[in-house]
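Just below is one structure, and these are the notes that go with it.
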Amino acid sequence: MSGCNRTKITLPSVAQAGDHLMDAPSPKLSKHLAEVWGHVPIHYLVLATQGFLVYLDEELDIEWKTTPDWDLGNPADPKRHRSIINRVAELEAGQWDYSDPRRTRNYKRQLAEVLACSFHNDYDNAEQMLVRVENYRSDVLKLRDESIAEQLDARNDWKSHSEHWTILHYGIGTAALLFSTLSAARPSILGLNDQDSS
């Protein structure tokens with residue numbers, strides 16, 4: 001988690017959320033936050049304050065909303081804030097390994113935490129977390145590429161061995177067929193004559 005200062009809210013735990021992303025419970029907002037954000041269909045809450053909301057929707061897309069009051073005085077550093085938002089959007093839309101739903105949710109949550117820090121005007125922590133998320137993404141994609149390479153190598157090895165065994169199988173079959181044909185057609189070649197067979 002980042003070092004942003006936070007308003008106390010109740011978040012669903014990983015055990016509550018379970019492995020199925022669509023089964024995540026609705027987050028429970030405090031009474032004051034529910035008055036501001038209760039109308040928003042939040043699938044997975046990252047951070048809610050009186051001024052802004054950062055969450056994941058049912059598609060696990062990162063979403064955020066701000067109030068007009070927040071917009072009047074924020075962000076403290078618009079250029080830095082916009083840079084962080086753009087980098088998060090780039091990472092969210094970029095290449096990712098979606099084979100593990102829990103890993104995908106955690107990745108998206110980490111990206112959303114970066115946004116939450118930025119909306120909190122805590123740009124240093126947002127940028128530090130962004131570096132960690134980029135490294136995590138890079139590691140996951142590297143592992144995926146290595147796994148794909150291993151699967152391709154295994155498939156190619158199997159295909160090569162299969163071809164060798166097929167050639168050997170047909171070679172033995174052809175030799176056996178040739179031998180049996182020659183045996184039936186020419187018993188004298190094998191040292192058999194018509195008298196011995198009767």
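Chain identifiers are assigned as A, B, and so on, following the order in which chains appear in the structure tokens; residues are numbered from 1 within each chain, and ligands are numbered from 1 in order of appearance.
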
Can you tell me which residues surround segment 54-67 of chain A at a distance of at most 8 Å, considering only C-alpha atoms, apart from same-chain residues fewer than 2 positions away, and format the answer as a ChimeraX atom specification? /A:21-22,41-48,50-52,69-71,92,105,108-109,111-112,115-116

Store the residues of this selection in a file with N, CA and C atoms, as a PDB file, in the first residue's frame.
```
ATOM      1  N   LEU A  21     -13.913 -12.521  -9.565  1.00  0.00           N
ATOM      2  CA  LEU A  21     -13.957 -11.072  -9.534  1.00  0.00           C
ATOM      3  C   LEU A  21     -15.371 -10.539  -9.511  1.00  0.00           C
ATOM      4  N   MET A  22     -16.280 -11.210 -10.152  1.00  0.00           N
ATOM      5  CA  MET A  22     -17.639 -10.717 -10.210  1.00  0.00           C
ATOM      6  C   MET A  22     -18.385 -10.946  -8.897  1.00  0.00           C
ATOM      7  N   PRO A  41     -21.976   2.849  -8.843  1.00  0.00           N
ATOM      8  CA  PRO A  41     -21.868   1.378  -8.791  1.00  0.00           C
ATOM      9  C   PRO A  41     -20.410   0.943  -8.650  1.00  0.00           C
ATOM     10  N   ILE A  42     -19.963   0.841  -7.429  1.00  0.00           N
ATOM     11  CA  ILE A  42     -18.566   0.504  -7.125  1.00  0.00           C
ATOM     12  C   ILE A  42     -18.450  -1.016  -7.018  1.00  0.00           C
ATOM     13  N   HIS A  43     -17.543  -1.585  -7.792  1.00  0.00           N
ATOM     14  CA  HIS A  43     -17.304  -3.027  -7.687  1.00  0.00           C
ATOM     15  C   HIS A  43     -16.227  -3.299  -6.635  1.00  0.00           C
ATOM     16  N   TYR A  44     -15.134  -2.554  -6.714  1.00  0.00           N
ATOM     17  CA  TYR A  44     -14.053  -2.725  -5.746  1.00  0.00           C
ATOM     18  C   TYR A  44     -13.523  -1.343  -5.376  1.00  0.00           C
ATOM     19  N   LEU A  45     -13.724  -0.958  -4.142  1.00  0.00           N
ATOM     20  CA  LEU A  45     -13.344   0.365  -3.673  1.00  0.00           C
ATOM     21  C   LEU A  45     -11.850   0.425  -3.368  1.00  0.00           C
ATOM     22  N   VAL A  46     -11.210   1.475  -3.863  1.00  0.00           N
ATOM     23  CA  VAL A  46      -9.808   1.715  -3.539  1.00  0.00           C
ATOM     24  C   VAL A  46      -9.704   2.827  -2.499  1.00  0.00           C
ATOM     25  N   LEU A  47     -10.312   3.970  -2.787  1.00  0.00           N
ATOM     26  CA  LEU A  47     -10.289   5.064  -1.815  1.00  0.00           C
ATOM     27  C   LEU A  47     -11.458   6.008  -2.066  1.00  0.00           C
ATOM     28  N   ALA A  48     -12.133   6.366  -0.983  1.00  0.00           N
ATOM     29  CA  ALA A  48     -13.219   7.336  -1.053  1.00  0.00           C
ATOM     30  C   ALA A  48     -12.972   8.414  -0.013  1.00  0.00           C
ATOM     31  N   GLN A  50     -14.383  12.774   0.856  1.00  0.00           N
ATOM     32  CA  GLN A  50     -15.460  13.709   0.552  1.00  0.00           C
ATOM     33  C   GLN A  50     -15.246  14.389  -0.802  1.00  0.00           C
ATOM     34  N   GLY A  51     -13.992  14.425  -1.278  1.00  0.00           N
ATOM     35  CA  GLY A  51     -13.688  15.136  -2.507  1.00  0.00           C
ATOM     36  C   GLY A  51     -13.520  14.275  -3.748  1.00  0.00           C
ATOM     37  N   PHE A  52     -13.095  13.024  -3.563  1.00  0.00           N
ATOM     38  CA  PHE A  52     -12.871  12.170  -4.722  1.00  0.00           C
ATOM     39  C   PHE A  52     -13.089  10.706  -4.377  1.00  0.00           C
ATOM     40  N   ASP A  69     -16.333  20.739  -5.523  1.00  0.00           N
ATOM     41  CA  ASP A  69     -15.499  21.389  -4.506  1.00  0.00           C
ATOM     42  C   ASP A  69     -14.037  20.975  -4.643  1.00  0.00           C
ATOM     43  N   TRP A  70     -13.804  19.676  -4.881  1.00  0.00           N
ATOM     44  CA  TRP A  70     -12.428  19.208  -5.056  1.00  0.00           C
ATOM     45  C   TRP A  70     -11.814  19.843  -6.296  1.00  0.00           C
ATOM     46  N   ASP A  71     -12.591  19.913  -7.363  1.00  0.00           N
ATOM     47  CA  ASP A  71     -12.089  20.462  -8.627  1.00  0.00           C
ATOM     48  C   ASP A  71     -11.664  21.923  -8.498  1.00  0.00           C
ATOM     49  N   GLU A  92      -2.750   0.656 -17.769  1.00  0.00           N
ATOM     50  CA  GLU A  92      -4.000  -0.098 -17.693  1.00  0.00           C
ATOM     51  C   GLU A  92      -4.403  -0.629 -19.063  1.00  0.00           C
ATOM     52  N   ARG A 105      -6.718  -8.396 -10.697  1.00  0.00           N
ATOM     53  CA  ARG A 105      -7.363  -7.478  -9.747  1.00  0.00           C
ATOM     54  C   ARG A 105      -6.309  -6.753  -8.909  1.00  0.00           C
ATOM     55  N   LYS A 108      -4.587  -4.073 -11.019  1.00  0.00           N
ATOM     56  CA  LYS A 108      -5.454  -2.916 -11.219  1.00  0.00           C
ATOM     57  C   LYS A 108      -5.598  -2.122  -9.917  1.00  0.00           C
ATOM     58  N   ARG A 109      -5.660  -2.806  -8.801  1.00  0.00           N
ATOM     59  CA  ARG A 109      -5.745  -2.114  -7.504  1.00  0.00           C
ATOM     60  C   ARG A 109      -4.494  -1.283  -7.259  1.00  0.00           C
ATOM     61  N   LEU A 111      -2.532   0.040  -9.517  1.00  0.00           N
ATOM     62  CA  LEU A 111      -2.623   1.216 -10.384  1.00  0.00           C
ATOM     63  C   LEU A 111      -3.606   2.238  -9.812  1.00  0.00           C
ATOM     64  N   ALA A 112      -4.717   1.759  -9.294  1.00  0.00           N
ATOM     65  CA  ALA A 112      -5.711   2.654  -8.707  1.00  0.00           C
ATOM     66  C   ALA A 112      -5.156   3.347  -7.457  1.00  0.00           C
ATOM     67  N   LEU A 115      -3.332   6.368  -8.494  1.00  0.00           N
ATOM     68  CA  LEU A 115      -4.269   7.477  -8.736  1.00  0.00           C
ATOM     69  C   LEU A 115      -4.763   8.089  -7.432  1.00  0.00           C
ATOM     70  N   ALA A 116      -5.086   7.239  -6.470  1.00  0.00           N
ATOM     71  CA  ALA A 116      -5.591   7.732  -5.190  1.00  0.00           C
ATOM     72  C   ALA A 116      -4.564   8.655  -4.532  1.00  0.00           C
TER      73      ALA A 116
END
```

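Summary of the local environment: counting only C-alpha atoms, residues at most 12 Å from Arg144 of chain A, other than itself and those fewer than 2 positions away along its chain, are Gln95, Trp96, Asp97, Tyr98, Ser99, Asp100, Arg137, Ser138, Asp139, Val140, Leu141, Lys142, Glu146, Ser147, Ile148, Ala149, Glu150 and Gln151 of chain A.
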
Pairwise distance, atom CA of His32 of chain A with atom CA of Asp77 of chain A, equals 27.4 Å

How would you write, as a list in words, the set of residues in segment 52-98 of chain A that DSSP gives as helix (DSSP H, G or I)? Pro68, Asp69, Trp70, Asp71, Leu72, Gly73, Pro78, Lys79, Arg80, His81, Arg82, Ser83, Ile84, Ile85, Asn86, Arg87, Val88, Ala89, Glu90, Leu91, Glu92 and Ala93 of chain A

Give me a file of those residues, with N, CA and C atoms, as a short mmCIF file (atom, residue, chain, number, x, y, z; two decimals), in the first residue's frame.
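In the end it all went to out31.cif:
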```
data_model
loop_
_atom_site.label_atom_id
_atom_site.label_comp_id
_atom_site.auth_asym_id
_atom_site.auth_seq_id
_atom_site.Cartn_x
_atom_site.Cartn_y
_atom_site.Cartn_z
N PRO A 68 -17.31 18.88 -7.40
CA PRO A 68 -16.99 20.26 -7.83
C PRO A 68 -16.11 20.99 -6.82
N ASP A 69 -16.33 20.74 -5.52
CA ASP A 69 -15.50 21.39 -4.51
C ASP A 69 -14.04 20.97 -4.64
N TRP A 70 -13.80 19.68 -4.88
CA TRP A 70 -12.43 19.21 -5.06
C TRP A 70 -11.81 19.84 -6.30
N ASP A 71 -12.59 19.91 -7.36
CA ASP A 71 -12.09 20.46 -8.63
C ASP A 71 -11.66 21.92 -8.50
N LEU A 72 -12.31 22.68 -7.61
CA LEU A 72 -11.98 24.10 -7.44
C LEU A 72 -10.56 24.31 -6.92
N GLY A 73 -10.13 23.47 -6.01
CA GLY A 73 -8.82 23.69 -5.38
C GLY A 73 -7.76 22.66 -5.72
N PRO A 78 -1.12 20.43 -11.20
CA PRO A 78 -1.87 19.87 -12.32
C PRO A 78 -1.00 19.11 -13.33
N LYS A 79 0.18 19.62 -13.62
CA LYS A 79 1.06 18.96 -14.61
C LYS A 79 1.50 17.58 -14.11
N ARG A 80 1.89 17.50 -12.88
CA ARG A 80 2.33 16.23 -12.29
C ARG A 80 1.16 15.26 -12.19
N HIS A 81 0.01 15.77 -11.78
CA HIS A 81 -1.20 14.96 -11.65
C HIS A 81 -1.59 14.37 -13.01
N ARG A 82 -1.60 15.21 -14.05
CA ARG A 82 -1.97 14.74 -15.38
C ARG A 82 -0.97 13.71 -15.89
N SER A 83 0.30 13.91 -15.61
CA SER A 83 1.34 12.94 -16.02
C SER A 83 1.09 11.58 -15.38
N ILE A 84 0.74 11.58 -14.10
CA ILE A 84 0.46 10.32 -13.39
C ILE A 84 -0.79 9.66 -13.96
N ILE A 85 -1.84 10.44 -14.18
CA ILE A 85 -3.07 9.88 -14.75
C ILE A 85 -2.81 9.26 -16.12
N ASN A 86 -2.04 9.96 -16.94
CA ASN A 86 -1.73 9.44 -18.27
C ASN A 86 -0.91 8.15 -18.21
N ARG A 87 0.05 8.10 -17.31
CA ARG A 87 0.88 6.88 -17.20
C ARG A 87 0.03 5.71 -16.69
N VAL A 88 -0.85 5.95 -15.74
CA VAL A 88 -1.73 4.89 -15.25
C VAL A 88 -2.64 4.40 -16.37
N ALA A 89 -3.19 5.32 -17.15
CA ALA A 89 -4.06 4.93 -18.28
C ALA A 89 -3.28 4.11 -19.30
N GLU A 90 -2.05 4.49 -19.56
CA GLU A 90 -1.20 3.74 -20.49
C GLU A 90 -0.93 2.33 -19.99
N LEU A 91 -0.62 2.19 -18.70
CA LEU A 91 -0.36 0.87 -18.13
C LEU A 91 -1.63 0.03 -18.08
N GLU A 92 -2.75 0.66 -17.77
CA GLU A 92 -4.00 -0.10 -17.69
C GLU A 92 -4.40 -0.63 -19.06
N ALA A 93 -4.19 0.16 -20.11
CA ALA A 93 -4.58 -0.25 -21.46
C ALA A 93 -3.51 -1.09 -22.14
#
```

re atom CA of Lys28 of chain A and atom CA of Cys117 of chain A: distance 20.8 Å
